[in-house]
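Since the structure comes first, as structure tokens, the remarks are kept for the end.
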Amino acid sequence: MRPFRAFALASLLLCGCRTQSSQSGSSTAHIYWDAYGVASVIADRLDDGMYALGYAQAKEFAVRMAESYKLARGRLAEVRGQSTLLQDGVLRGIGLEDAAIAYEPKLAPDKRAILQAFCDGANKFLAENRSQLPSWIQPFTIVDVLALTQLANIAFPLQELQGQLGVGVGSNQFAISGKRTSTGHPILSLDPHLGLEGENGIVWQEFGFYAGGIKFRGICIPGLPAAIAGHSDRIAWSVTNNDPALVTVYQVKTNPANSKQYSFHGQWRDFQSKTLDLNYLQDGKLTTFKQSGKFTAWGPMIPLSTMAVRFAPVGDFHALDEALEMMRARNVDEFRSAIKPAGLSMWNYVAADVDGNIAYQYNAHLPKRDASLNWRRPVDGSAANTAWRDELWSIEELPHAKNPKSGLLVNCNSAPWLTTLGDEIVKLWPNYVTSYGHTSRYDRLAELLAADRKVSPEKAMRYATDTLIPNAYSTAQRLSLYGAQNSEEVKVLRRWDGRAEVDSVGTALYLAWLKQDRSNVGLASAAGLGTAWNAEQTASAVRTLAEAGKKLRSDMGSVAVAWGKVLRLVRGDKQAPCGGYGYYVDSNSAVRPTSGAVQPGGWIRANFGSSTRMIVSLEPKGLRSWSVLPFGNSDDPKSPHYSDQMELYGAGKYKPDPFGPEEVRKAAKETLDLKRQ
């Protein structure tokens, strides 16, 4: 597990609320599990619903929740040992645990009731199953949840600071106006791209929630009592990561006359020192490592450097209110109003409602600053013009659009002005607001959607899982033209359509050719653009095709091998073929960007791609949705839902979602009534 990435895309963090606080006496909540182990909570009061949600999360994700809380508080080494001491020190130095501890007493009574109910529900499951859980897991607390909130809010800027953000980290989303759909009503697609197994990405839990006037179906991160994305009975929304510069690295100038001082934008200030007690597990016992560090008004000094870092959203807990307001929103305007406080650190939002509206909002907790500077590189902390202003960019000022002329909104970690496929959003923005451009995923999705005036939910599913590989078909045809005409390699490429479905024969050979020589990536790009190869390039391409075929025969026994035999989903002792293609040798990807690590024998274990998918048809007579997870809705190897969605996911399929209390009850395969005293 690469823990910092485990919280990318965790934008809608917690359910803070304006609702009923706990009342005296007992009350009952109900949990209904469907055939895929998706828990739907039904209760009258919101706090009772949160109690049941905590229980349902812990039932399938207790260990992951506990590890996530340890990570967020900078205490994972207490479980994992010395290997995580460095990241513990970073997170403790940034002050996530301190911010959570300081904020907890300030919680309003109604918010405290909700968070405590969630923890109480999870702790009920822990108590009932103590003998089956690791002994180090202690009852969960509100501070745990608040700390995880803070980590979720700085996850992407933290990765950017560490240089960990790869070209594939991102997501797809689109919304289609009713004037372009077969139903006459909007359709929305949710498709976040992250690690599939938790080693470098989120493991989602799908859930339903019907309490306190809320009706919701979607995904959450185990440990956070709220929705990340999904739909209510009136609105649906999705997210992709955007790229506001939420962290600044300051070059720190020390006072030549006093080494205990530094220049804070031209004024000398004293360094602060702090010693952190970091505990780690060694030989079954906790050992303490004392870490001393310097701190500035911006934040901690980076160890062994002359630089300090400042994170924009640390200490801001408005996300607690915003998440619930999003779930309560009845239309896209109310949804946009829900995120006005800017407590959520970043994210592109696309939303659609049953009234027929579609909307886009570039969101960021982003302080204004001097636009003439490059804020994506270290800046001089002694200069006056490198100070952040107190004023944040408002959502009215940031890129946004509603009901664009095209009837389409498409964002795949692409520039905000591309989202509308029109000119509704201006292109000129300071570099620290956004530096994004095109992605191959955006280009393909925009092409597919713009060409179709009658998109059905079924077509939307096909478009969201499209596997056409950029440049592949043109390259395959050129190779088949110049290659040895009777060779098996040429015969395979002539029949191949450039896609990466589970039954596609040609994908494995094309990838082997790309990887055979670094220059082949450039040749493929040239073929995609229609640019001719010279004689030397052609000879190299043909030679490396033969070499790729030889390797593929050695690894897989044939060059005519189905892609699903090469790319495999694996969980426990179960395997399934998987489609999709992305980021093996360059930044190009199909819309469905599944990739993985090569295993002994030449096959590929899928470890990155769509971490969940959902299509929502926003029909006023009854909203419908379909979804799928890579493996299943449980993190427990003993659960029947640990890997029961693998075949669906690998084939690019979806399952229908029961929605609403009546459908949930009808679909239930298991039920539980929870009484609170």
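Labeling convention for the structure tokens: chains A, B, ... as they appear, residues from 1 per chain, ligands from 1 in order of appearance.
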
Cut-off 10 Å: closest stretch 200-253 of chain A/stretch 108-128 of chain A atom pairs per residue, using only C-alpha atoms, as a tab-separated table:
residue	atom	partner	partner_atom	distance
A:Gly223	CA	A:Cys119	CA	9.0
A:Leu224	CA	A:Phe118	CA	8.9
A:Pro225	CA	A:Phe118	CA	6.7

Report as a VMD selection string: the residues of stretch 418-553 of chain A with a DSSP assignment of strand (DSSP E or B), based on the backbone of this structure.
-> chain A and resid 455 468 499 505

Compile the contact shell of A:Leu569 as a compact mmCIF listing (two decimals) with N, CA and C atoms, in the first residue's frame: residues with an atom at most 8 Å away, counting only C-alpha atoms, same-chain residues fewer than 6 positions apart removed.
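As written to disk, out.txt reads:
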# COMPACT_ATOMS: atom_id res chain seq x y z
N GLN A 575 -9.10 -15.42 -10.20
CA GLN A 575 -8.63 -14.59 -11.30
C GLN A 575 -9.76 -14.38 -12.29
N ALA A 576 -9.69 -13.28 -13.05
CA ALA A 576 -10.66 -13.00 -14.11
C ALA A 576 -9.96 -12.19 -15.20
N PRO A 577 -10.33 -12.41 -16.47
CA PRO A 577 -9.76 -11.59 -17.55
C PRO A 577 -10.23 -10.15 -17.44
N CYS A 578 -9.41 -9.23 -17.91
CA CYS A 578 -9.74 -7.81 -17.79
C CYS A 578 -9.42 -7.07 -19.08
N ARG A 605 -0.72 -8.36 -14.02
CA ARG A 605 -1.68 -8.28 -12.93
C ARG A 605 -2.24 -6.86 -12.87
N ALA A 606 -3.51 -6.70 -13.16
CA ALA A 606 -4.14 -5.37 -13.18
C ALA A 606 -4.10 -4.76 -11.79
N ASN A 607 -3.57 -3.56 -11.68
CA ASN A 607 -3.51 -2.89 -10.39
C ASN A 607 -3.91 -1.42 -10.44
N MET A 646 -15.72 -9.24 -10.07
CA MET A 646 -14.54 -9.23 -10.95
C MET A 646 -14.88 -9.48 -12.41
N GLY A 650 -14.20 -6.77 -15.29
CA GLY A 650 -13.21 -7.08 -16.31
C GLY A 650 -13.77 -6.99 -17.71

If you run DSSP on the backbone, which residues of stretch 346-571 of chain A are alpha helix (DSSP H), as an NGL selection string?
-> :A and (440-450 or 457-464 or 472-482 or 488-495 or 507-516 or 519-529 or 535-556 or 563-566)

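Rounded to one decimal, atom CA of A:Ala401 and atom CA of A:Pro593 lie 27.1 Å from each other.
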
Close residues, A:Asp452 itself excluded, 12 Å, only C-alpha atoms, min 6 positions apart in chain, as a short mmCIF file (atom, residue, chain, number, x, y, z; two decimals) with C-alpha atoms, in the first residue's frame:
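Saved the output as selection20.cif:
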data_model
loop_
_atom_site.label_atom_id
_atom_site.label_comp_id
_atom_site.auth_asym_id
_atom_site.auth_seq_id
_atom_site.Cartn_x
_atom_site.Cartn_y
_atom_site.Cartn_z
CA ILE A 176 -25.17 14.63 -21.23
CA SER A 177 -28.13 16.97 -21.58
CA LYS A 179 -31.54 16.97 -25.71
CA ARG A 180 -28.79 14.46 -26.60
CA THR A 181 -30.16 11.32 -24.88
CA SER A 182 -32.66 8.66 -25.91
CA SER A 406 -23.10 21.51 -26.82
CA GLY A 407 -25.30 19.70 -24.31
CA LEU A 408 -22.15 17.96 -23.07
CA LEU A 445 -14.70 10.56 -24.96
CA ALA A 446 -15.42 13.99 -26.43
CA LYS A 459 -24.45 3.54 -24.95
CA ALA A 460 -23.13 5.67 -22.10
CA TYR A 463 -18.53 4.95 -24.13
#

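Straight-line separation from atom CA of A:Val41 to atom CA of A:Met461: 27.2 Å.
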
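Going from atom CA of A:Pro303 to atom CA of A:Gln282 covers 24.1 Å.
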
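Between A:Ile358 and the residues A:Gly582, A:Pro256, A:Pro186, A:Gly522, the shortest atom-to-atom distance, using only C-alpha atoms, involves A:Pro186.
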
Using only C-alpha atoms: which of A:His30, A:His318, A:Arg462, A:Lys621 has the shortest distance to A:Leu674 = A:His30

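Of the listed residues (A:Val628, A:Ser40, A:Lys638, A:Leu552), A:Lys638 comes nearest to A:Gln132; the distances count only C-alpha atoms.
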
Who sits within 10 Å of A:Phe174, only C-alpha atoms, same chain under 3 positions skipped, as a ChimeraX atom specification = /A:187-191,237-239,349-352,358,360,408-412,419-420,442,445-446,449,460,464,615

From the list A:Phe311, A:Phe61, A:Trp268, A:Phe317, which residue is nearest A:Leu161 when using only C-alpha atoms?
-> A:Phe311

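The protein and nucleic acid residues lying at most 12 Å from A:Pro134 are Ala62, Val63, Arg64, Ala66, Glu67, Val79, Leu126, Asn129, Arg130, Ser131, Ile137 and Gln138 of chain A, with only C-alpha atoms considered and sequence neighbours fewer than 3 positions away removed.
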
Tell me which of A:Pro399, A:Gln267, A:Thr594, A:Met65 sits closest to A:Asp423, counting only C-alpha atoms.
-> A:Pro399
